[in-house]
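**Student:** Below is the file structure.cif, with mmCIF, C-alpha atoms.
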data_upload
loop_
_atom_site.label_atom_id
_atom_site.label_comp_id
_atom_site.auth_asym_id
_atom_site.auth_seq_id
_atom_site.Cartn_x
_atom_site.Cartn_y
_atom_site.Cartn_z
CA MET B 293 25.56 3.63 -108.36
CA ASN B 294 27.71 5.05 -105.75
CA ASP B 295 28.80 8.61 -106.62
CA GLU B 296 31.72 9.35 -104.36
CA ILE B 297 33.62 12.56 -104.74
CA ILE B 298 37.26 12.07 -104.14
CA ILE B 299 39.38 15.12 -103.35
CA GLU B 300 43.06 14.69 -103.34
CA ALA B 301 45.17 16.16 -100.56
CA ASP B 302 47.13 18.35 -102.95
CA ASP B 303 43.96 20.13 -103.94
CA LEU B 304 43.20 21.22 -100.39
CA GLU B 305 44.26 24.66 -99.34
CA ILE B 306 44.55 26.01 -95.83
CA VAL B 307 42.59 29.21 -95.48
CA GLU B 308 43.11 31.30 -92.34
CA THR B 309 39.91 32.84 -91.06
CA ARG B 310 39.65 35.56 -88.42
CA GLN B 311 37.35 35.07 -85.47
CA SER B 312 34.69 37.66 -84.93
CA PRO B 313 35.74 40.51 -82.57
CA ALA B 314 33.17 39.38 -80.00
CA ILE B 315 34.68 35.91 -79.82
CA GLU B 316 38.19 37.37 -79.56
CA ILE B 317 37.18 39.61 -76.67
CA ALA B 318 35.46 36.71 -74.93
CA ALA B 319 38.58 34.61 -75.35
CA LYS B 320 40.72 37.43 -73.96
CA ARG B 321 38.44 37.87 -70.95
CA GLY B 322 38.46 34.18 -70.22
CA LYS B 323 42.20 33.84 -70.28
CA SER B 324 43.87 33.82 -66.91
CA ASP B 325 47.52 34.21 -67.62
CA PRO B 326 49.63 34.81 -64.49
CA GLU B 327 50.32 38.46 -65.35
CA ASN B 328 46.64 39.29 -65.68
CA LEU B 329 45.78 37.32 -62.56
CA ASN B 330 48.48 39.04 -60.52
CA ALA B 331 47.23 42.44 -61.65
CA LEU B 332 43.73 41.50 -60.47
CA TYR B 333 45.00 40.25 -57.09
CA LEU B 334 47.00 43.44 -56.68
CA ARG B 335 44.10 45.71 -57.62
CA TYR B 336 41.34 44.08 -55.62
CA LEU B 337 43.08 42.32 -52.72
CA VAL B 338 46.60 43.59 -52.05
CA LEU B 339 46.07 47.34 -52.52
CA PRO B 340 42.85 47.56 -50.44
CA THR B 341 44.57 45.54 -47.69
CA ILE B 342 47.56 47.90 -47.74
CA PHE B 343 45.40 51.02 -47.70
CA LEU B 344 43.07 49.74 -44.98
CA THR B 345 46.06 48.79 -42.85
CA VAL B 346 47.33 52.35 -43.28
CA THR B 347 43.82 53.56 -42.31
CA LEU B 348 43.98 51.42 -39.18
CA LEU B 349 47.49 52.45 -38.15
CA GLY B 350 47.38 56.12 -39.18
CA GLY B 351 45.36 57.16 -36.15
CA LEU B 352 46.91 54.75 -33.68
CA ARG B 353 48.98 56.25 -30.90
CA ILE B 354 50.45 54.61 -27.81
CA ALA B 355 49.94 56.50 -24.57
CA GLY B 356 53.15 57.53 -22.86
CA ASP B 357 52.18 56.73 -19.27
CA ASP B 358 50.43 53.32 -19.44
CA GLY B 359 51.12 52.14 -23.00
CA ALA B 360 47.41 52.01 -23.84
CA PHE B 361 46.11 52.27 -27.41
CA VAL B 362 44.75 55.68 -28.35
CA PHE B 363 42.70 55.74 -31.54
CA PHE B 364 42.91 59.33 -32.72
CA ARG B 365 40.16 60.26 -35.19
CA PRO B 366 41.12 62.47 -38.13
CA ALA B 367 40.33 66.17 -38.07
CA LEU B 368 38.15 67.60 -40.83
CA VAL B 369 41.18 69.22 -42.41
CA CYS B 370 42.66 65.74 -43.03
CA LEU B 371 39.67 64.86 -45.20
CA ILE B 372 40.12 68.08 -47.17
CA PHE B 373 43.82 67.36 -47.70
CA ALA B 374 43.02 63.81 -48.79
CA ALA B 375 40.49 65.12 -51.31
CA ILE B 376 43.08 67.57 -52.70
CA LEU B 377 45.60 64.71 -52.87
CA LEU B 378 43.17 62.61 -54.92
CA VAL B 379 42.64 65.55 -57.28
CA LEU B 380 46.43 65.77 -57.60
CA PHE B 381 46.58 62.07 -58.41
CA ALA B 382 43.94 62.56 -61.10
CA ARG B 383 45.75 65.60 -62.57
CA SER B 384 49.13 63.92 -62.68
CA GLY B 385 47.82 60.72 -64.25
CA VAL B 386 48.50 58.50 -61.22
CA LEU B 387 44.77 57.87 -61.13
CA MET B 388 42.93 58.07 -64.46
CA LEU B 389 39.27 58.32 -63.62
CA ASP B 390 38.10 56.94 -66.97
CA GLY B 391 40.43 54.01 -66.41
CA TRP B 392 38.77 53.16 -63.10
CA PHE B 393 35.15 53.94 -63.89
CA SER B 394 33.59 53.31 -67.26
CA GLU B 395 30.24 52.56 -68.82
CA SER B 396 31.91 49.66 -70.62
CA PHE B 397 32.79 47.99 -67.29
CA THR B 398 30.44 45.66 -65.48
CA PRO B 399 28.70 47.11 -62.39
CA LEU B 400 30.73 44.68 -60.29
CA LYS B 401 34.01 45.98 -61.68
CA ASN B 402 32.94 49.60 -61.22
CA GLY B 403 31.87 48.80 -57.64
CA ALA B 404 35.10 46.99 -56.80
CA ASN B 405 37.14 49.81 -58.35
CA GLY B 406 35.12 52.37 -56.39
CA LEU B 407 35.84 50.58 -53.13
CA THR B 408 39.56 50.40 -53.92
CA ILE B 409 39.58 54.16 -54.55
CA ALA B 410 37.63 54.64 -51.29
CA THR B 411 40.35 52.75 -49.40
CA LEU B 412 42.95 55.01 -51.04
CA PHE B 413 41.01 58.07 -49.83
CA ALA B 414 40.70 56.64 -46.30
CA ALA B 415 44.42 55.86 -46.20
CA ALA B 416 45.32 59.35 -47.46
CA THR B 417 43.10 60.87 -44.74
CA GLN B 418 44.80 58.82 -42.06
CA ILE B 419 48.28 59.63 -43.37
CA PHE B 420 47.54 63.31 -42.85
CA ASN B 421 46.10 62.41 -39.45
CA SER B 422 49.34 60.61 -38.68
CA LEU B 423 51.65 63.41 -39.82
CA LEU B 424 49.79 66.41 -38.43
CA PRO B 425 50.41 67.23 -34.77
CA GLU B 426 47.32 66.44 -32.74
CA GLN B 427 46.48 69.87 -31.35
CA GLY B 428 47.64 73.36 -30.52
CA LEU B 429 49.81 75.80 -32.40
CA THR B 430 51.94 73.13 -34.07
CA PHE B 431 48.82 71.57 -35.61
CA TRP B 432 47.90 74.82 -37.34
CA ILE B 433 51.46 75.55 -38.48
CA VAL B 434 51.98 72.11 -40.05
CA ALA B 435 48.42 72.08 -41.46
CA PHE B 436 49.10 75.43 -43.11
CA CYS B 437 52.36 74.11 -44.60
CA PHE B 438 50.54 71.08 -45.97
CA PHE B 439 47.80 73.24 -47.41
CA TRP B 440 50.29 75.64 -48.99
CA THR B 441 52.22 72.79 -50.65
CA LEU B 442 49.14 70.93 -51.87
CA TRP B 443 47.53 74.12 -53.15
CA ASN B 444 50.66 75.06 -55.12
CA ASN B 445 50.91 71.54 -56.49
CA LEU B 446 47.35 71.79 -57.78
CA PHE B 447 48.46 74.38 -60.33
CA ALA B 448 51.82 72.84 -61.26
CA ASP B 449 52.52 70.56 -64.19
CA PHE B 450 53.08 67.11 -62.79
CA ASP B 451 53.92 63.67 -63.96
CA PRO B 452 53.58 60.69 -61.61
CA ARG B 453 57.31 60.52 -60.89
CA LYS B 454 57.53 64.20 -59.89
CA LEU B 455 54.42 63.86 -57.78
CA PHE B 456 55.83 60.86 -55.91
CA ARG B 457 59.09 62.74 -55.27
CA SER B 458 57.15 65.74 -54.01
CA LEU B 459 54.93 63.61 -51.78
CA GLY B 460 57.90 61.63 -50.46
CA GLY B 461 59.63 64.88 -49.54
CA LEU B 462 56.50 66.36 -47.98
CA PHE B 463 55.68 63.30 -45.91
CA GLY B 464 59.31 62.76 -44.93
CA LEU B 465 59.72 66.31 -43.69
CA ALA B 466 56.43 66.21 -41.77
CA PHE B 467 57.43 62.88 -40.21
CA VAL B 468 60.80 64.25 -39.08
CA ALA B 469 59.15 67.40 -37.70
CA LYS B 470 56.56 65.49 -35.68
CA TYR B 471 58.18 62.22 -34.64
CA LEU B 472 61.79 63.37 -34.23
CA ILE B 473 61.84 67.08 -33.43
CA LEU B 474 58.56 67.58 -31.57
CA ALA B 475 58.75 64.13 -29.94
CA ASN B 476 62.17 65.03 -28.53
CA LEU B 477 60.85 68.31 -27.21
CA THR B 478 58.03 66.54 -25.38
CA ALA B 479 58.55 65.78 -21.71
CA PRO B 480 57.92 62.15 -20.71
CA ALA B 481 54.60 61.29 -19.14
CA GLY B 482 53.98 60.04 -15.62
CA ARG B 483 56.15 62.55 -13.75
CA SER B 484 54.97 64.75 -10.93
CA TRP B 485 55.04 68.54 -11.15
CA PHE B 486 58.04 68.73 -8.88
CA GLU B 487 60.00 66.08 -10.83
CA ALA B 488 59.16 67.77 -14.13
CA LEU B 489 60.33 71.18 -12.92
CA THR B 490 63.53 69.96 -11.30
CA GLU B 491 64.62 67.34 -13.86
CA ASN B 492 63.84 69.04 -17.16
CA PRO B 493 62.04 72.35 -16.87
CA GLY B 494 62.70 73.37 -20.49
CA GLN B 495 61.09 70.25 -21.93
CA GLU B 496 58.14 70.57 -19.58
CA ALA B 497 57.64 74.23 -20.51
CA ILE B 498 57.74 73.53 -24.26
CA THR B 499 55.34 70.60 -23.83
CA ARG B 500 52.86 72.80 -22.02
CA LEU B 501 53.35 75.85 -24.26
CA LEU B 502 52.92 73.90 -27.52
CA ASP B 503 50.27 71.60 -26.02
CA LEU B 504 52.20 68.52 -27.13
CA PRO B 505 50.64 65.12 -26.35
CA ARG B 506 52.83 62.69 -24.45
CA TYR B 507 52.93 59.52 -26.52
CA SER B 508 55.23 56.54 -26.25
CA GLY B 509 58.18 56.19 -28.61
CA ALA B 510 56.43 53.18 -30.18
CA THR B 511 54.02 55.60 -31.88
CA GLY B 512 56.81 56.86 -34.13
CA TYR B 513 57.70 53.32 -35.23
CA ILE B 514 54.07 52.51 -36.03
CA GLN B 515 53.64 55.72 -38.02
CA PHE B 516 56.90 55.15 -39.89
CA PHE B 517 55.52 51.77 -40.95
CA ALA B 518 52.19 53.35 -41.92
CA VAL B 519 53.80 56.07 -44.09
CA GLY B 520 56.08 53.51 -45.73
CA LEU B 521 53.15 51.22 -46.43
CA PHE B 522 51.16 54.08 -47.94
CA LEU B 523 54.01 55.04 -50.29
CA LEU B 524 54.41 51.37 -51.24
CA GLY B 525 50.70 51.18 -52.03
CA LEU B 526 50.98 54.29 -54.20
CA TYR B 527 53.98 52.81 -56.01
CA PHE B 528 51.95 49.73 -56.97
CA PHE B 529 48.78 51.69 -57.72
CA PRO B 530 47.77 51.20 -61.38
CA SER B 531 46.62 54.32 -63.21
CA THR B 532 43.98 52.40 -65.13
CA THR B 533 42.14 49.10 -64.90
CA LYS B 534 41.39 48.86 -68.61
CA ASP B 535 42.78 45.83 -70.42
CA LYS B 536 45.73 46.75 -72.61
CA MET S 143 40.16 32.31 -60.82
CA LYS S 144 37.78 34.41 -62.86
CA GLU S 145 37.91 38.19 -62.67
CA LYS S 146 34.46 38.52 -61.16
CA TYR S 147 35.26 36.11 -58.32
CA ILE S 148 38.37 38.12 -57.44
CA GLN S 149 36.27 41.30 -57.50
CA ILE S 150 33.63 39.75 -55.22
CA LEU S 151 36.38 38.52 -52.90
CA GLY S 152 37.92 42.00 -52.92
CA ILE S 153 34.62 43.71 -52.11
CA THR S 154 33.98 41.26 -49.24
CA LEU S 155 37.49 41.75 -47.88
CA ILE S 156 37.24 45.54 -48.05
CA LEU S 157 33.86 45.60 -46.29
CA ILE S 158 34.94 43.25 -43.49
CA TYR S 159 38.25 45.07 -42.93
CA ALA S 160 36.56 48.50 -43.10
CA ILE S 161 33.95 47.43 -40.52
CA PHE S 162 36.78 46.24 -38.26
CA VAL S 163 38.62 49.57 -38.61
CA VAL S 164 35.44 51.59 -37.95
CA PHE S 165 34.72 49.38 -34.93
CA LEU S 166 38.19 50.03 -33.50
CA TYR S 167 37.86 53.80 -33.87
CA ALA S 168 34.32 53.77 -32.44
CA ALA S 169 34.97 51.41 -29.52
CA GLU S 170 38.50 52.67 -28.77
CA PRO S 171 39.85 49.62 -26.96
CA ARG S 172 42.85 50.45 -24.82
CA SER S 173 44.60 47.11 -25.20
CA LEU S 174 44.53 43.93 -27.29
CA GLU S 175 42.61 42.15 -24.51
CA GLU S 176 39.94 44.84 -24.56
CA ILE S 177 39.23 44.33 -28.26
CA SER S 178 37.31 41.08 -27.68
CA SER S 179 35.24 42.46 -24.78
CA LYS S 180 34.43 45.61 -26.77
CA ALA S 181 33.47 43.44 -29.74
CA ILE S 182 31.04 41.42 -27.60
CA GLU S 183 29.57 44.66 -26.22
CA THR S 184 29.19 46.09 -29.73
CA VAL S 185 27.50 42.92 -31.00
CA GLN S 186 25.10 42.98 -28.04
CA ASN S 187 24.30 46.65 -28.67
CA ALA S 188 23.74 45.94 -32.34
CA ALA S 189 21.45 43.01 -31.46
CA THR S 190 19.41 45.21 -29.10
CA LYS S 191 19.18 47.98 -31.70
CA SER S 192 17.99 45.49 -34.31
CA GLN S 193 15.36 44.25 -31.84
CA VAL S 194 14.17 47.83 -31.45
CA ILE S 195 14.03 48.33 -35.21
CA THR S 196 12.13 45.10 -35.78
CA GLY S 197 9.78 45.77 -32.84
CA THR S 198 10.81 42.66 -30.91
CA TYR S 199 12.60 44.49 -28.09
CA GLU S 200 11.92 43.12 -24.61
CA ILE S 201 13.41 43.94 -21.25
CA ASP S 202 15.49 41.43 -19.32
CA GLN S 203 12.85 40.08 -16.93
CA ALA S 204 15.33 38.51 -14.48
CA LYS S 205 17.18 41.80 -14.02
CA PHE S 206 13.88 43.65 -13.73
CA ASN S 207 12.78 41.28 -10.94
CA ALA S 208 16.10 41.75 -9.18
CA GLY S 209 15.64 45.51 -9.43
CA LEU S 210 12.10 45.28 -8.09
CA ALA S 211 13.27 43.20 -5.12
CA ALA S 212 15.95 45.79 -4.32
CA PHE S 213 13.35 48.58 -4.75
CA ARG S 214 11.06 46.93 -2.18
CA GLN S 215 14.00 46.70 0.24
CA ASN S 216 14.66 50.45 -0.21
CA ASN S 217 18.00 49.69 -1.84
CA PHE S 218 17.43 52.24 -4.56
CA ILE S 219 20.93 52.47 -6.02
CA VAL S 220 21.08 48.73 -6.67
CA ALA S 221 17.48 48.83 -7.90
CA ARG S 222 18.25 51.53 -10.47
CA ASP S 223 21.34 49.67 -11.63
CA SER S 224 19.27 46.52 -12.21
CA PHE S 225 16.48 48.45 -13.92
CA ALA S 226 18.99 50.17 -16.21
CA LYS S 227 20.48 46.81 -17.15
CA ALA S 228 17.03 45.32 -17.67
CA ASP S 229 15.97 48.12 -20.03
CA VAL S 230 19.16 48.98 -21.88
CA GLU S 231 17.39 50.94 -24.60
CA ARG S 232 15.19 52.81 -22.07
CA ARG S 233 12.06 51.95 -24.00
CA ASP S 234 9.94 50.27 -21.35
CA ALA S 235 7.58 52.69 -19.57
CA LYS S 236 7.13 50.44 -16.52
CA THR S 237 10.87 50.11 -15.87
CA GLN S 238 11.46 53.80 -16.45
CA TYR S 239 8.63 54.61 -14.03
CA TYR S 240 10.29 52.48 -11.34
CA ILE S 241 13.57 54.32 -11.97
CA ALA S 242 11.79 57.67 -11.54
CA TYR S 243 10.03 56.37 -8.42
CA SER S 244 13.33 55.14 -6.95
CA PHE S 245 14.78 58.63 -7.37
CA TYR S 246 11.71 60.04 -5.60
CA ARG S 247 11.86 57.61 -2.69
CA GLN S 248 15.60 57.99 -2.27
CA GLY S 249 15.40 61.77 -2.43
CA TRP S 250 12.40 62.11 -0.12
CA GLY S 251 13.19 63.39 3.38
CA ARG S 252 11.02 64.17 6.35
CA LEU S 253 12.63 67.58 6.76
CA THR S 254 14.16 68.30 3.36
CA ASN S 255 14.21 66.60 -0.03
CA ASP S 256 17.24 65.98 -2.20
CA ASP S 257 16.67 68.33 -5.12
CA ALA S 258 19.24 66.66 -7.36
CA LEU S 259 17.52 63.28 -7.06
CA PHE S 260 14.10 64.84 -7.58
CA LYS S 261 15.33 66.48 -10.78
CA GLN S 262 16.63 63.13 -12.01
CA ALA S 263 13.23 61.65 -11.22
CA LEU S 264 11.59 64.32 -13.37
CA GLU S 265 13.95 63.49 -16.24
CA SER S 266 13.03 59.82 -15.98
CA LEU S 267 9.35 60.75 -15.90
CA GLU S 268 9.77 62.66 -19.16
CA ARG S 269 10.97 59.42 -20.73
CA VAL S 270 7.91 57.59 -19.39
CA ASN S 271 5.61 60.18 -20.95
CA PHE S 272 7.54 59.96 -24.19
CA ILE S 273 7.18 56.17 -24.30
CA ASP S 274 3.56 55.92 -23.12
CA LYS S 275 1.43 58.98 -22.47
CA ASN S 276 -1.32 56.90 -20.84
CA PHE S 277 0.92 54.89 -18.55
CA ARG S 278 -0.56 53.73 -15.27
CA SER S 279 1.30 51.51 -12.83
CA ASP S 280 -0.43 48.35 -11.57
CA ASP S 281 1.81 48.08 -8.49
CA ALA S 282 -0.30 48.33 -5.32
CA ASP S 283 2.82 49.25 -3.34
CA LEU S 284 3.07 52.58 -5.18
CA GLN S 285 0.70 55.27 -3.96
CA LEU S 286 1.42 57.48 -6.93
CA ARG S 287 0.28 55.39 -9.87
CA THR S 288 0.54 57.81 -12.77
CA PRO S 289 3.37 60.02 -14.03
CA ALA S 290 1.18 63.08 -13.49
CA GLU S 291 0.77 62.32 -9.76
CA LEU S 292 4.46 61.60 -9.31
CA LYS S 293 5.39 64.71 -11.27
CA ASN S 294 3.16 66.85 -9.06
CA GLU S 295 4.73 65.35 -5.93
CA LEU S 296 8.23 66.01 -7.25
CA GLU S 297 7.48 69.57 -8.29
CA GLU S 298 5.91 70.25 -4.91
CA GLY S 299 9.04 68.91 -3.28
CA LEU S 300 11.28 71.14 -5.36
CA ARG S 301 9.26 74.31 -4.73
CA VAL S 302 10.03 76.41 -1.62
CA THR S 303 6.79 77.58 -0.02
CA ALA S 304 5.62 78.77 3.40
CA ASP S 305 4.21 75.30 3.90
CA ASP S 306 7.75 73.94 4.00
CA PHE S 307 8.23 75.61 7.40
CA ASN S 308 5.15 73.97 8.91
CA PRO S 309 6.41 71.80 11.84
CA LEU S 310 3.62 69.32 11.22
CA LYS S 311 5.35 68.47 7.97
CA VAL S 312 7.53 65.98 9.85
CA LEU S 313 4.45 63.81 10.32
CA ARG S 314 3.85 63.29 6.60
CA GLU S 315 4.58 59.92 5.03
CA ARG S 316 6.52 58.93 1.97
CA LYS S 317 4.25 57.75 -0.84
#
Would you encode the structure as structure tokens?
**Tutor:**
Amino acid sequence: MNDEIIIEADDLEIVETRQSPAIEIAAKRGKSDPENLNALYLRYLVLPTIFLTVTLLGGLRIAGDDGAFVFFRPALVCLIFAAILLVLFARSGVLMLDGWFSESFTPLKNGANGLTIATLFAAATQIFNSLLPEQGLTFWIVAFCFFWTLWNNLFADFDPRKLFRSLGGLFGLAFVAKYLILANLTAPAGRSWFEALTENPGQEAITRLLDLPRYSGATGYIQFFAVGLFLLGLYFFPSTTKDK
Amino acid sequence: MKEKYIQILGITLILIYAIFVVFLYAAEPRSLEEISSKAIETVQNAATKSQVITGTYEIDQAKFNAGLAAFRQNNFIVARDSFAKADVERRDAKTQYYIAYSFYRQGWGRLTNDDALFKQALESLERVNFIDKNFRSDDADLQLRTPAELKNELEEGLRVTADDFNPLKVLRERK
């Protein structure tokens, strides 16, 4: 005898079952929708490239007499300012530490995130190197102004937007002071003593009194690009790398 | 592309770019053309340093021979230049001894010695002692075979004594 069980279609019922959380997470991780992919490219490729380019350009000056490259290394105070800036980022929520480093992340992700943060620190150091005058009295005056502003900001209530406005203002003012005002007070390089004294004694005197380095005008353009690039990088910087 | 591949790519990119930036600030090329020559120099230095670390460091024998030939012809400046190029890391006792000896021979004078060159010879001799305390030269052309003998000769030359005013001193020979 052949006992066949026949079930009619009307008797069947569709029952929705939920996948286990582990399978759902695995499916989410595996998906590579364009938005997720773009965020990854931005976080691990674009932002480090931007910040390392700022690191490269921040200390680059062009000599006034022969147009040679001068790679100016950052002073110790630049590293201190960059560290304070990173603390400010953490306080204002621009950079959420638990969103960049977590026990739930893979070591690879923590490592890659750490390197991206390191490039941000290097770029911040070089931005201060770019905006601070190289030596002399002006260096200490501008460094003190930076320190005063950053120190006050440490104790203020900030949100990311306010912080960006404050930083934009700070960097903009420092840029104008160094690359417009001080650069215009600096006497051009490659002139003899006699020429300098007869053609523009005031400029020569200020240059010597304030110990201003004689760089080419191209330096200002390069540093403008570097500051702009740094602010662009900050604008795109995600506060967390955790999946939403 | 999977997340981990992008992260690996990112780490690689950051490391390569960071090395390039550090290289630029360390080498300080003055123009775009100089970047390549500085890069070659840096790679060569790194290769030599790695040879030192792994214990496979050797001097450039051709340059050493050229230096020795110049030394025998009393062309001490050229000799020292060749010796310095042969032993870039200054880790070969024999080469360093020849450098010290070249300072001695160049600085030696029948009436007076050149104190500056003698002092440089002593500095080179210190390096020889640091590298090999028991060094002894096998060159028959050199009358002073050990660093101790050469050091004594140099110190005698630097010291002002009554013997320096002895007219017979002009008859002495360079060693």
**Student:** Counting only C-alpha atoms, which residues of chain B come no farther than 10 Å from chain S, as a PyMOL selection string?
**Tutor:** chain B and resi 321-324+328-329+332-341+343-345+347-349+351-352+354-355+358-365+398+400-408+410-411+414
**Student:** For those residues, write C-alpha atoms to a file as a PDB file, in the coordinates of the input.
**Tutor:**
ATOM      1  CA  ARG B 321      38.440  37.870 -70.950  1.00  0.00           C
ATOM      2  CA  GLY B 322      38.460  34.180 -70.220  1.00  0.00           C
ATOM      3  CA  LYS B 323      42.200  33.840 -70.280  1.00  0.00           C
ATOM      4  CA  SER B 324      43.870  33.820 -66.910  1.00  0.00           C
ATOM      5  CA  ASN B 328      46.640  39.290 -65.680  1.00  0.00           C
ATOM      6  CA  LEU B 329      45.780  37.320 -62.560  1.00  0.00           C
ATOM      7  CA  LEU B 332      43.730  41.500 -60.470  1.00  0.00           C
ATOM      8  CA  TYR B 333      45.000  40.250 -57.090  1.00  0.00           C
ATOM      9  CA  LEU B 334      47.000  43.440 -56.680  1.00  0.00           C
ATOM     10  CA  ARG B 335      44.100  45.710 -57.620  1.00  0.00           C
ATOM     11  CA  TYR B 336      41.340  44.080 -55.620  1.00  0.00           C
ATOM     12  CA  LEU B 337      43.080  42.320 -52.720  1.00  0.00           C
ATOM     13  CA  VAL B 338      46.600  43.590 -52.050  1.00  0.00           C
ATOM     14  CA  LEU B 339      46.070  47.340 -52.520  1.00  0.00           C
ATOM     15  CA  PRO B 340      42.850  47.560 -50.440  1.00  0.00           C
ATOM     16  CA  THR B 341      44.570  45.540 -47.690  1.00  0.00           C
ATOM     17  CA  PHE B 343      45.400  51.020 -47.700  1.00  0.00           C
ATOM     18  CA  LEU B 344      43.070  49.740 -44.980  1.00  0.00           C
ATOM     19  CA  THR B 345      46.060  48.790 -42.850  1.00  0.00           C
ATOM     20  CA  THR B 347      43.820  53.560 -42.310  1.00  0.00           C
ATOM     21  CA  LEU B 348      43.980  51.420 -39.180  1.00  0.00           C
ATOM     22  CA  LEU B 349      47.490  52.450 -38.150  1.00  0.00           C
ATOM     23  CA  GLY B 351      45.360  57.160 -36.150  1.00  0.00           C
ATOM     24  CA  LEU B 352      46.910  54.750 -33.680  1.00  0.00           C
ATOM     25  CA  ILE B 354      50.450  54.610 -27.810  1.00  0.00           C
ATOM     26  CA  ALA B 355      49.940  56.500 -24.570  1.00  0.00           C
ATOM     27  CA  ASP B 358      50.430  53.320 -19.440  1.00  0.00           C
ATOM     28  CA  GLY B 359      51.120  52.140 -23.000  1.00  0.00           C
ATOM     29  CA  ALA B 360      47.410  52.010 -23.840  1.00  0.00           C
ATOM     30  CA  PHE B 361      46.110  52.270 -27.410  1.00  0.00           C
ATOM     31  CA  VAL B 362      44.750  55.680 -28.350  1.00  0.00           C
ATOM     32  CA  PHE B 363      42.700  55.740 -31.540  1.00  0.00           C
ATOM     33  CA  PHE B 364      42.910  59.330 -32.720  1.00  0.00           C
ATOM     34  CA  ARG B 365      40.160  60.260 -35.190  1.00  0.00           C
ATOM     35  CA  THR B 398      30.440  45.660 -65.480  1.00  0.00           C
ATOM     36  CA  LEU B 400      30.730  44.680 -60.290  1.00  0.00           C
ATOM     37  CA  LYS B 401      34.010  45.980 -61.680  1.00  0.00           C
ATOM     38  CA  ASN B 402      32.940  49.600 -61.220  1.00  0.00           C
ATOM     39  CA  GLY B 403      31.870  48.800 -57.640  1.00  0.00           C
ATOM     40  CA  ALA B 404      35.100  46.990 -56.800  1.00  0.00           C
ATOM     41  CA  ASN B 405      37.140  49.810 -58.350  1.00  0.00           C
ATOM     42  CA  GLY B 406      35.120  52.370 -56.390  1.00  0.00           C
ATOM     43  CA  LEU B 407      35.840  50.580 -53.130  1.00  0.00           C
ATOM     44  CA  THR B 408      39.560  50.400 -53.920  1.00  0.00           C
ATOM     45  CA  ALA B 410      37.630  54.640 -51.290  1.00  0.00           C
ATOM     46  CA  THR B 411      40.350  52.750 -49.400  1.00  0.00           C
ATOM     47  CA  ALA B 414      40.700  56.640 -46.300  1.00  0.00           C
TER      48      ALA B 414
END
**Student:** Starting from 3 Å padding per side, set up an axis-aligned box that covers all listed atoms of region 286-292 of chain S and hand over centre and edge lengths in Å, one decimal, as AutoDock Vina command-line options.
**Tutor:**
--center_x 2.4 --center_y 59.2 --center_z -10.5 --size_x 10.2 --size_y 13.7 --size_z 13.1
**Student:** State, in Å with one decimal place, the distance from CA of Ala497 (chain B) to CA of Thr478 (chain B).
**Tutor:**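 Computing it gives 9.1 Å between the two atoms.
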**Student:** Given the point (10.6, 64.0, 10.1) in the file's coordinates, find the residues that have an atom at most 10 Å from it, counting all atoms listed in the file, and give them as a CSV table (one decimal) with C-alpha atoms, keeping the file's coordinate frame.
**Tutor:**
chain,number,residue,atom,x,y,z
S,251,GLY,CA,13.2,63.4,3.4
S,252,ARG,CA,11.0,64.2,6.4
S,253,LEU,CA,12.6,67.6,6.8
S,254,THR,CA,14.2,68.3,3.4
S,309,PRO,CA,6.4,71.8,11.8
S,310,LEU,CA,3.6,69.3,11.2
S,311,LYS,CA,5.4,68.5,8.0
S,312,VAL,CA,7.5,66.0,9.8
S,313,LEU,CA,4.4,63.8,10.3
S,314,ARG,CA,3.8,63.3,6.6
S,315,GLU,CA,4.6,59.9,5.0
**Student:** Hey, which of B:Glu395, B:Glu426, B:Asp357, B:Asp449 ends up closest to Ser484 (chain B)? Count only C-alpha atoms.
**Tutor:**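 Residue with the minimum atom-to-atom distance to Ser484 (chain B): B:Asp357.
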**Student:** Give me the residues near Tyr471 (chain B) as a VMD selection string, where near means some atom within 9 Å (using only C-alpha atoms) and where sequence neighbours in that chain fewer than 3 positions away do not count.
**Tutor:** chain B and resid 423 466 to 468 474 to 476 509 511 to 513 515 to 516
**Student:** Name the residues captured by the PyMOL selection byres ((chain B and resi 504) around 12) when it is applied to the shown file; answer as a PyMOL selection string.
**Tutor:** chain B and resi 356+424-431+470-471+473-481+495-503+505-507
**Student:** Where does the PyMOL selection byres ((chain B and resi 456) around 12) land in this file, that is, which residues does it pick, as a VMD selection string?
**Tutor:** chain B and resid 377 380 to 381 384 to 386 445 450 to 455 457 to 464 522 to 529
**Student:** When the PyMOL selection byres ((chain S and resi 284-287) around 12) is applied to the structure above, which residues does it catch, written out as number ranges by chain?
**Tutor:** S: 210, 213-214, 236, 239-240, 242-244, 246-247, 276-283, 288-296, 315-317
